[in-house]
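Undergrad: Enclosed is the structure file input.cif (mmCIF, C-alpha atoms).
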data_query
#
loop_
_atom_site.label_atom_id
_atom_site.label_comp_id
_atom_site.auth_asym_id
_atom_site.auth_seq_id
_atom_site.Cartn_x
_atom_site.Cartn_y
_atom_site.Cartn_z
CA MET O 871 0.00 0.00 0.00
CA SER O 872 1.44 3.38 -1.02
CA GLU O 873 1.31 6.70 0.79
CA ALA O 874 -1.77 7.58 -1.29
CA LEU O 875 -3.88 5.21 0.83
CA LEU O 876 -3.32 5.15 4.57
CA CYS O 877 -4.50 2.29 6.78
CA GLU O 878 -4.92 2.35 10.55
CA ASP O 879 -6.37 -0.36 12.79
CA ARG O 880 -7.62 0.35 16.30
CA ASP O 881 -9.92 -1.67 18.53
CA GLY O 882 -11.45 -3.64 15.68
CA VAL O 883 -11.95 -0.56 13.46
CA ARG O 884 -9.99 -0.07 10.27
CA THR O 885 -9.67 3.45 8.88
CA LEU O 886 -8.74 3.86 5.23
CA THR O 887 -7.71 7.41 4.33
CA LEU O 888 -7.42 8.67 0.78
CA ASN O 889 -4.20 10.67 0.94
CA ARG O 890 -3.78 12.85 -2.14
CA PRO O 891 -4.68 16.22 -0.57
CA GLU O 892 -2.97 18.15 -3.37
CA ARG O 893 -5.65 16.70 -5.69
CA ARG O 894 -8.42 16.83 -3.09
CA ASN O 895 -8.01 13.05 -2.87
CA ALA O 896 -8.99 12.37 -6.47
CA LEU O 897 -8.46 8.72 -7.31
CA ASP O 898 -5.91 8.00 -10.02
CA ALA O 899 -5.34 4.59 -11.64
CA GLN O 900 -3.05 3.32 -8.89
CA LEU O 901 -5.28 4.49 -6.06
CA TRP O 902 -8.34 2.79 -7.57
CA LEU O 903 -6.39 -0.48 -7.62
CA GLU O 904 -5.06 -0.04 -4.09
CA LEU O 905 -8.48 0.81 -2.70
CA ALA O 906 -10.06 -2.26 -4.30
CA ASP O 907 -7.26 -4.45 -2.92
CA ALA O 908 -7.63 -2.92 0.56
CA LEU O 909 -11.39 -3.54 0.60
CA ARG O 910 -10.98 -7.13 -0.56
CA ALA O 911 -8.29 -7.72 2.08
CA LEU O 912 -10.60 -6.37 4.77
CA LYS O 913 -13.24 -8.90 3.73
CA ARG O 914 -10.82 -11.67 4.75
CA ASP O 915 -9.75 -10.11 8.07
CA ARG O 916 -11.95 -11.41 10.90
CA ASP O 917 -10.33 -9.10 13.45
CA ILE O 918 -11.77 -6.00 11.75
CA ARG O 919 -15.40 -5.38 12.64
CA ALA O 920 -16.03 -1.90 11.20
CA LEU O 921 -14.58 0.32 8.49
CA VAL O 922 -14.20 4.10 8.36
CA LEU O 923 -13.47 5.62 4.95
CA THR O 924 -12.24 9.21 4.84
CA GLY O 925 -9.96 11.66 3.07
CA ALA O 926 -6.94 13.69 4.13
CA GLY O 927 -6.36 17.42 4.05
CA GLY O 928 -9.88 18.73 4.51
CA ALA O 929 -11.54 16.96 1.58
CA PHE O 930 -13.22 13.59 1.22
CA CYS O 931 -12.76 12.89 -2.48
CA SER O 932 -13.09 14.97 -5.64
CA GLY O 933 -13.82 11.89 -7.74
CA ALA O 934 -11.74 10.21 -10.41
CA ASP O 935 -8.55 12.01 -11.39
CA ILE O 936 -9.28 12.91 -15.01
CA GLY O 937 -6.08 14.93 -15.25
CA THR O 938 -3.94 11.85 -15.78
CA GLY O 939 -4.14 10.38 -19.26
CA GLU O 940 -3.83 6.68 -20.10
CA GLU O 941 -3.58 4.94 -23.44
CA ILE O 942 -6.14 2.26 -22.63
CA HIS O 943 -9.78 1.77 -23.55
CA PRO O 944 -12.10 3.72 -21.19
CA ARG O 945 -13.99 0.50 -20.41
CA TYR O 946 -10.91 -0.85 -18.64
CA LYS O 947 -10.77 2.33 -16.56
CA LEU O 948 -14.39 1.79 -15.54
CA ASP O 949 -13.57 -1.78 -14.49
CA ARG O 950 -11.43 -0.32 -11.69
CA LEU O 951 -14.41 1.69 -10.44
CA THR O 952 -16.63 -1.37 -10.65
CA ASP O 953 -14.17 -3.36 -8.54
CA VAL O 954 -14.18 -0.70 -5.82
CA ALA O 955 -17.96 -0.24 -5.80
CA LEU O 956 -18.65 -3.97 -5.55
CA ALA O 957 -15.95 -4.62 -2.96
CA LEU O 958 -17.36 -1.85 -0.76
CA HIS O 959 -20.98 -2.93 -1.20
CA GLU O 960 -20.24 -6.58 -0.49
CA LEU O 961 -18.33 -6.00 2.73
CA ALA O 962 -20.01 -7.78 5.63
CA VAL O 963 -18.73 -5.30 8.20
CA PRO O 964 -20.55 -1.97 8.74
CA THR O 965 -18.96 0.98 6.94
CA VAL O 966 -18.89 4.68 7.80
CA ALA O 967 -17.89 7.53 5.48
CA LYS O 968 -16.37 10.51 7.33
CA VAL O 969 -16.79 13.45 4.95
CA THR O 970 -15.00 16.75 5.40
CA GLY O 971 -14.86 19.23 2.56
CA VAL O 972 -15.96 18.15 -0.91
CA ALA O 973 -17.35 14.82 -2.05
CA VAL O 974 -18.11 15.07 -5.76
CA GLY O 975 -18.71 12.71 -8.64
CA ALA O 976 -17.39 9.24 -7.96
CA GLY O 977 -16.15 10.60 -4.64
CA TRP O 978 -19.70 11.29 -3.48
CA ASN O 979 -20.88 7.89 -4.69
CA LEU O 980 -17.99 6.31 -2.82
CA ALA O 981 -19.37 7.88 0.36
CA LEU O 982 -22.93 6.81 -0.51
CA GLY O 983 -21.67 3.26 -0.92
CA CYS O 984 -20.97 3.22 2.81
CA ASP O 985 -23.69 2.24 5.28
CA LEU O 986 -23.54 5.51 7.23
CA VAL O 987 -22.31 8.98 6.27
CA VAL O 988 -21.10 11.65 8.70
CA ALA O 989 -20.36 15.14 7.37
CA THR O 990 -19.44 18.57 8.67
CA PRO O 991 -21.58 21.67 8.05
CA GLU O 992 -18.94 22.83 5.57
CA SER O 993 -19.13 19.66 3.45
CA ARG O 994 -20.30 20.04 -0.14
CA PHE O 995 -21.67 17.40 -2.49
CA CYS O 996 -22.13 17.25 -6.25
CA GLN O 997 -22.92 14.68 -8.93
CA ILE O 998 -20.58 16.60 -11.18
CA PHE O 999 -20.59 14.20 -14.13
CA SER O 1000 -22.71 16.22 -16.57
CA ARG O 1001 -20.46 19.24 -16.10
CA ARG O 1002 -17.65 17.05 -17.45
CA GLY O 1003 -19.70 15.66 -20.33
CA LEU O 1004 -19.99 12.33 -18.56
CA SER O 1005 -22.77 10.11 -17.23
CA VAL O 1006 -23.10 9.01 -13.63
CA ASP O 1007 -20.87 6.15 -12.43
CA LEU O 1008 -19.55 4.27 -9.36
CA GLY O 1009 -23.05 3.00 -8.64
CA GLY O 1010 -24.74 6.39 -8.47
CA SER O 1011 -27.52 5.30 -10.82
CA TRP O 1012 -28.35 2.50 -8.36
CA LEU O 1013 -27.68 4.25 -5.05
CA LEU O 1014 -29.36 7.63 -5.55
CA PRO O 1015 -32.89 6.49 -6.57
CA ARG O 1016 -32.96 4.08 -3.63
CA ILE O 1017 -32.07 6.84 -1.17
CA VAL O 1018 -33.88 9.92 -2.48
CA GLY O 1019 -36.33 8.59 -5.07
CA LEU O 1020 -36.16 8.82 -8.85
CA GLN O 1021 -37.14 12.48 -9.29
CA GLN O 1022 -34.61 13.88 -6.82
CA ALA O 1023 -31.95 11.54 -8.20
CA LYS O 1024 -32.57 12.97 -11.67
CA ARG O 1025 -32.37 16.51 -10.32
CA LEU O 1026 -29.02 15.84 -8.61
CA VAL O 1027 -27.50 14.05 -11.61
CA LEU O 1028 -28.90 15.99 -14.57
CA LEU O 1029 -28.41 19.48 -13.13
CA ALA O 1030 -25.25 18.62 -11.18
CA ASP O 1031 -26.17 21.07 -8.43
CA MET O 1032 -23.68 21.53 -5.60
CA ILE O 1033 -25.57 21.00 -2.35
CA GLY O 1034 -24.61 21.58 1.26
CA ALA O 1035 -24.51 19.18 4.16
CA GLU O 1036 -27.86 20.25 5.59
CA GLU O 1037 -29.70 19.66 2.32
CA ALA O 1038 -27.93 16.33 1.91
CA HIS O 1039 -29.03 15.43 5.43
CA THR O 1040 -32.62 16.44 4.71
CA LEU O 1041 -32.62 14.23 1.60
CA GLY O 1042 -31.25 11.28 3.57
CA LEU O 1043 -27.88 11.33 1.81
CA VAL O 1044 -26.05 12.16 5.05
CA THR O 1045 -26.80 10.35 8.30
CA TRP O 1046 -25.40 12.98 10.69
CA VAL O 1047 -23.96 16.48 10.41
CA LYS O 1048 -21.39 17.26 13.11
CA PRO O 1049 -19.14 20.29 13.68
CA ALA O 1050 -15.62 19.85 12.33
CA ALA O 1051 -14.20 19.95 15.86
CA GLU O 1052 -16.43 17.05 16.89
CA ILE O 1053 -16.56 14.79 13.85
CA ASP O 1054 -13.48 12.69 14.69
CA ASP O 1055 -14.71 11.80 18.18
CA PHE O 1056 -18.23 11.20 16.92
CA VAL O 1057 -17.10 8.84 14.16
CA ASP O 1058 -14.83 7.03 16.61
CA GLU O 1059 -17.82 6.51 18.91
CA VAL O 1060 -20.10 5.25 16.12
CA ALA O 1061 -17.43 2.94 14.69
CA GLY O 1062 -16.64 1.68 18.18
CA ARG O 1063 -20.28 0.83 18.79
CA LEU O 1064 -20.45 -1.02 15.49
CA ALA O 1065 -17.23 -2.92 16.23
CA ALA O 1066 -18.59 -3.92 19.64
CA GLY O 1067 -21.81 -5.28 18.13
CA PRO O 1068 -22.51 -8.92 17.25
CA PRO O 1069 -20.53 -9.27 14.00
CA PHE O 1070 -22.50 -12.13 12.44
CA ALA O 1071 -25.87 -10.59 13.29
CA LEU O 1072 -24.84 -7.17 11.96
CA ALA O 1073 -23.56 -8.76 8.75
CA GLN O 1074 -26.85 -10.61 8.36
CA SER O 1075 -28.91 -7.48 8.97
CA LYS O 1076 -26.83 -5.44 6.53
CA ALA O 1077 -27.28 -8.07 3.81
CA LEU O 1078 -31.02 -8.33 4.53
CA LEU O 1079 -31.47 -4.57 4.22
CA ASN O 1080 -29.47 -4.41 0.99
CA ASP O 1081 -31.43 -7.28 -0.52
CA GLY O 1082 -34.73 -6.02 0.86
CA ALA O 1083 -34.60 -2.92 -1.30
CA ASN O 1084 -35.37 -5.11 -4.30
CA ALA O 1085 -37.50 -7.78 -2.63
CA THR O 1086 -41.20 -8.25 -2.09
CA LEU O 1087 -42.43 -8.47 1.50
CA ARG O 1088 -42.84 -12.23 1.10
CA GLU O 1089 -39.26 -12.56 -0.15
CA ALA O 1090 -37.92 -10.34 2.63
CA LEU O 1091 -39.72 -12.37 5.30
CA ALA O 1092 -38.37 -15.60 3.81
CA ASN O 1093 -34.84 -14.17 3.80
CA GLU O 1094 -35.21 -13.14 7.45
CA ALA O 1095 -36.47 -16.59 8.40
CA ARG O 1096 -33.43 -18.19 6.76
CA ALA O 1097 -31.01 -15.76 8.40
CA GLN O 1098 -32.22 -15.79 12.00
CA PRO O 1099 -31.33 -19.41 12.87
CA GLY O 1100 -27.72 -18.65 12.01
CA ASN O 1101 -27.65 -16.08 14.80
CA PHE O 1102 -28.80 -18.65 17.34
CA ALA O 1103 -25.84 -20.80 16.31
CA THR O 1104 -23.40 -18.13 17.56
CA ALA O 1105 -22.33 -17.47 21.13
CA ASP O 1106 -23.61 -13.91 20.81
CA SER O 1107 -27.26 -14.83 21.23
CA GLY O 1108 -26.65 -16.54 24.58
CA GLU O 1109 -24.27 -13.79 25.64
CA ALA O 1110 -26.93 -11.16 24.99
CA TYR O 1111 -29.43 -12.93 27.24
CA ALA O 1112 -26.81 -13.57 29.94
CA ALA O 1113 -25.70 -9.92 29.90
CA PHE O 1114 -29.30 -8.75 30.12
CA ALA O 1115 -29.93 -11.00 33.13
CA ALA O 1116 -26.72 -9.85 34.82
CA LYS O 1117 -27.40 -6.17 33.99
CA ARG O 1118 -24.05 -5.75 32.22
CA ASP O 1119 -22.90 -4.88 28.72
CA PRO O 1120 -22.58 -7.90 26.41
CA GLU O 1121 -19.25 -8.91 24.93
CA PHE O 1122 -19.92 -10.09 21.39
CA THR O 1123 -17.38 -12.25 19.55
CA GLY O 1124 -19.27 -13.85 16.69
CA ALA O 1125 -17.97 -17.23 17.82
CA TRP O 1126 -19.80 -20.33 16.62
CA ALA O 1127 -21.66 -21.70 19.63
CA LEU O 1128 -21.92 -25.17 18.10
CA TYR O 1129 -18.13 -25.54 17.96
CA ASP O 1130 -17.81 -26.82 21.53
CA ILE O 1131 -20.69 -29.25 21.00
CA ALA O 1132 -19.07 -30.58 17.85
CA GLU O 1133 -15.76 -31.00 19.66
CA GLU O 1134 -17.44 -32.93 22.48
CA GLN O 1135 -19.03 -35.30 20.00
CA ARG O 1136 -15.73 -36.23 18.40
#
Take the structure I supplied and represent it as structure tokens, if you would.
TA:
Amino acid sequence: MSEALLCEDRDGVRTLTLNRPERRNALDAQLWLELADALRALKRDRDIRALVLTGAGGAFCSGADIGTGEEIHPRYKLDRLTDVALALHELAVPTVAKVTGVAVGAGWNLALGCDLVVATPESRFCQIFSRRGLSVDLGGSWLLPRIVGLQQAKRLVLLADMIGAEEAHTLGLVTWVKPAAEIDDFVDEVAGRLAAGPPFALAQSKALLNDGANATLREALANEARAQPGNFATADSGEAYAAFAAKRDPEFTGAWALYDIAEEQR
């Protein structure tokens, strides 16, 4: 991993920081590849239970770096974006985007690909594609209508308006708006709560919610019925009841409760 993508692990939370402040953290070819690799690696790391994605130098991400030319077919360039969008969406762990400054184009859709978005009052957002003679990418055509509805999605994409954090919050595109002096501590608290949660149950709920957006009620109920027994097979279910009875905070591990039984039967 290069200096353009910083990685920090603390108490089960991994923070990935886009670190090209001189370009407002625009993603060039190498950074797209590194980010996809980092997200795929996180998927295999059972010690990490939450992800924070942010940018350095007072900006989140100004999108793809279109100032660097490459002699390859544009479709191959888009494959890099696809890899990042899918790797982020398919992560089992909860994800939080910490947005300071601008999040535009693919940079905004990168934030929207996270489960939760925290911004400062100074943050600004724009689906800038049409200003560049481009169409929406990095999953924006899928994400936006599901969050704000089709008409507002068309307004944001076709007109490419720059909107502030409060409007983004009103539209449901930002989960919380926090003062710049408080955002770090607030995100640490949220990520810490997620990391302390029951990892298997949170992963199941995240997948159910993602799938439920395209499911009928009957299909959603069937998916829930298939998922819930898996939670009872972990130690977390029993731990939750024991902690409630003892009036203490639970300590969730995601461990497979049937492991000891299987060992005894050998």
Undergrad: Expand the PyMOL selection byres ((chain O and resi 911-928) around 6) into the explicit residue set it covers here, and present it as a count of residues only.
TA: 24
Undergrad: Tell me which of O:Glu1094, O:Glu873, O:Asp881, O:Glu1121 sits closest to O:Asp1058, counting all atoms listed in the file.
TA: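 Distance minimum relative to O:Asp1058 lands on O:Asp881.
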Undergrad: Between atom CA of O:Val969 and atom CA of O:Leu1079, what is the distance in Å, rounded to a tenth?
TA: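 Separation of atom CA of O:Val969 and atom CA of O:Leu1079: 23.3 Å.
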Undergrad: Mind pulling up the distance from atom CA of O:Cys996 to atom CA of O:Arg1025?
TA: 11.0 Å
Undergrad: Applying 12 Å and all atoms listed in the file, which residues near O:Asn1093 remain after dropping the ones on its own chain fewer than 2 positions away? List them as a list in words.
TA: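 Near O:Asn1093, the qualifying residues are Gln1074, Ser1075, Ala1077, Leu1078, Leu1079, Asn1080, Asp1081, Gly1082, Ala1085, Thr1086, Leu1087, Arg1088, Glu1089, Ala1090, Leu1091, Ala1095, Arg1096, Ala1097, Gln1098, Pro1099 and Gly1100 of chain O.
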Undergrad: What is the atom CA of O:Trp978 to atom CA of O:Gly1019 distance in Å?
TA: 16.9 Å
Undergrad: Using all atoms listed in the file, what residues lie at most 12 Å away from (-22.6, -20.9, 19.0) (file coordinates), given as a list in words?
TA: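 Result, sorted by chain then residue number: Phe1070, Pro1099, Gly1100, Asn1101, Phe1102, Ala1103, Thr1104, Ala1105, Asp1106, Ser1107, Gly1108, Glu1109, Phe1122, Thr1123, Gly1124, Ala1125, Trp1126, Ala1127, Leu1128, Tyr1129, Asp1130, Ile1131 and Ala1132 of chain O.
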Undergrad: Measuring between only C-alpha atoms, which one of O:Ile942, O:Ala1061, O:Ala1116, O:Ala896 shows the shortest distance to O:Asp879?
TA: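 Between O:Ile942, O:Ala1061, O:Ala1116, O:Ala896, the residue approaching O:Asp879 most closely is O:Ala1061.
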Undergrad: Go through the shown structure with the PyMOL selection byres ((chain O and resi 1018) around 12) and write out the matching residues as a PyMOL selection string.
TA: chain O and resi 982+1010-1017+1019-1027+1037-1044
Undergrad: May I have the selected residues written with C-alpha atoms, as an mmCIF file, keeping the file's coordinate frame?
TA:
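This went into result_17.cif:
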data_model
loop_
_atom_site.group_PDB
_atom_site.id
_atom_site.type_symbol
_atom_site.label_atom_id
_atom_site.label_comp_id
_atom_site.auth_asym_id
_atom_site.auth_seq_id
_atom_site.Cartn_x
_atom_site.Cartn_y
_atom_site.Cartn_z
ATOM 1 C CA LEU O 982 -22.930 6.810 -0.510
ATOM 2 C CA GLY O 1010 -24.740 6.390 -8.470
ATOM 3 C CA SER O 1011 -27.520 5.300 -10.820
ATOM 4 C CA TRP O 1012 -28.350 2.500 -8.360
ATOM 5 C CA LEU O 1013 -27.680 4.250 -5.050
ATOM 6 C CA LEU O 1014 -29.360 7.630 -5.550
ATOM 7 C CA PRO O 1015 -32.890 6.490 -6.570
ATOM 8 C CA ARG O 1016 -32.960 4.080 -3.630
ATOM 9 C CA ILE O 1017 -32.070 6.840 -1.170
ATOM 10 C CA GLY O 1019 -36.330 8.590 -5.070
ATOM 11 C CA LEU O 1020 -36.160 8.820 -8.850
ATOM 12 C CA GLN O 1021 -37.140 12.480 -9.290
ATOM 13 C CA GLN O 1022 -34.610 13.880 -6.820
ATOM 14 C CA ALA O 1023 -31.950 11.540 -8.200
ATOM 15 C CA LYS O 1024 -32.570 12.970 -11.670
ATOM 16 C CA ARG O 1025 -32.370 16.510 -10.320
ATOM 17 C CA LEU O 1026 -29.020 15.840 -8.610
ATOM 18 C CA VAL O 1027 -27.500 14.050 -11.610
ATOM 19 C CA GLU O 1037 -29.700 19.660 2.320
ATOM 20 C CA ALA O 1038 -27.930 16.330 1.910
ATOM 21 C CA HIS O 1039 -29.030 15.430 5.430
ATOM 22 C CA THR O 1040 -32.620 16.440 4.710
ATOM 23 C CA LEU O 1041 -32.620 14.230 1.600
ATOM 24 C CA GLY O 1042 -31.250 11.280 3.570
ATOM 25 C CA LEU O 1043 -27.880 11.330 1.810
ATOM 26 C CA VAL O 1044 -26.050 12.160 5.050
#
Undergrad: For this structure, which residues satisfy the selection - the PyMOL selection byres ((chain O and resi 1033) around 6) - when it is evaluated on the file as given? I want them as a list in words.
TA: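 This file, filtered by the PyMOL selection byres ((chain O and resi 1033) around 6), leaves Arg994, Phe995, Met1032 and Gly1034 of chain O.
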Undergrad: Nearest residue to O:Gln997 out of O:Ala1035, O:Gly933, O:Tyr946, O:Val1060, using only C-alpha atoms?
TA: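 Of all the options, O:Gly933 lies closest to O:Gln997.
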Undergrad: Using the partial input, fill out stretch 1066-1079 of chain O with N, CA, C and O atoms; write the result as an mmCIF file, keeping the file's coordinate frame.
TA:
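File part_6.cif, as written:
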data_model
loop_
_atom_site.group_PDB
_atom_site.id
_atom_site.type_symbol
_atom_site.label_atom_id
_atom_site.label_comp_id
_atom_site.auth_asym_id
_atom_site.auth_seq_id
_atom_site.Cartn_x
_atom_site.Cartn_y
_atom_site.Cartn_z
ATOM 1 N N ALA O 1066 -18.239 -3.184 18.427
ATOM 2 C CA ALA O 1066 -18.590 -3.920 19.640
ATOM 3 C C ALA O 1066 -19.860 -4.749 19.470
ATOM 4 O O ALA O 1066 -20.204 -5.553 20.339
ATOM 5 N N GLY O 1067 -20.563 -4.570 18.363
ATOM 6 C CA GLY O 1067 -21.810 -5.280 18.130
ATOM 7 C C GLY O 1067 -21.569 -6.728 17.734
ATOM 8 O O GLY O 1067 -20.438 -7.158 17.490
ATOM 9 N N PRO O 1068 -22.633 -7.517 17.654
ATOM 10 C CA PRO O 1068 -22.510 -8.920 17.250
ATOM 11 C C PRO O 1068 -22.179 -9.015 15.760
ATOM 12 O O PRO O 1068 -23.033 -8.703 14.923
ATOM 13 N N PRO O 1069 -20.967 -9.395 15.390
ATOM 14 C CA PRO O 1069 -20.530 -9.270 14.000
ATOM 15 C C PRO O 1069 -21.365 -10.075 13.012
ATOM 16 O O PRO O 1069 -21.689 -9.581 11.929
ATOM 17 N N PHE O 1070 -21.723 -11.307 13.369
ATOM 18 C CA PHE O 1070 -22.500 -12.130 12.440
ATOM 19 C C PHE O 1070 -23.904 -11.559 12.272
ATOM 20 O O PHE O 1070 -24.422 -11.468 11.159
ATOM 21 N N ALA O 1071 -24.512 -11.142 13.368
ATOM 22 C CA ALA O 1071 -25.870 -10.590 13.290
ATOM 23 C C ALA O 1071 -25.883 -9.281 12.506
ATOM 24 O O ALA O 1071 -26.805 -9.034 11.707
ATOM 25 N N LEU O 1072 -24.893 -8.424 12.712
ATOM 26 C CA LEU O 1072 -24.840 -7.170 11.960
ATOM 27 C C LEU O 1072 -24.637 -7.436 10.467
ATOM 28 O O LEU O 1072 -25.244 -6.766 9.620
ATOM 29 N N ALA O 1073 -23.779 -8.411 10.155
ATOM 30 C CA ALA O 1073 -23.560 -8.760 8.750
ATOM 31 C C ALA O 1073 -24.850 -9.274 8.116
ATOM 32 O O ALA O 1073 -25.183 -8.932 6.971
ATOM 33 N N GLN O 1074 -25.592 -10.089 8.869
ATOM 34 C CA GLN O 1074 -26.850 -10.610 8.360
ATOM 35 C C GLN O 1074 -27.855 -9.480 8.126
ATOM 36 O O GLN O 1074 -28.521 -9.432 7.089
ATOM 37 N N SER O 1075 -27.961 -8.580 9.100
ATOM 38 C CA SER O 1075 -28.910 -7.480 8.970
ATOM 39 C C SER O 1075 -28.549 -6.571 7.803
ATOM 40 O O SER O 1075 -29.425 -6.112 7.049
ATOM 41 N N LYS O 1076 -27.264 -6.285 7.644
ATOM 42 C CA LYS O 1076 -26.830 -5.440 6.530
ATOM 43 C C LYS O 1076 -27.202 -6.078 5.198
ATOM 44 O O LYS O 1076 -27.738 -5.405 4.305
ATOM 45 N N ALA O 1077 -26.948 -7.378 5.053
ATOM 46 C CA ALA O 1077 -27.280 -8.070 3.810
ATOM 47 C C ALA O 1077 -28.792 -8.095 3.583
ATOM 48 O O ALA O 1077 -29.263 -7.915 2.450
ATOM 49 N N LEU O 1078 -29.561 -8.303 4.654
ATOM 50 C CA LEU O 1078 -31.020 -8.330 4.530
ATOM 51 C C LEU O 1078 -31.560 -6.979 4.067
ATOM 52 O O LEU O 1078 -32.459 -6.910 3.226
ATOM 53 N N LEU O 1079 -31.018 -5.900 4.613
ATOM 54 C CA LEU O 1079 -31.470 -4.570 4.220
ATOM 55 C C LEU O 1079 -31.098 -4.266 2.774
ATOM 56 O O LEU O 1079 -31.899 -3.698 2.014
#
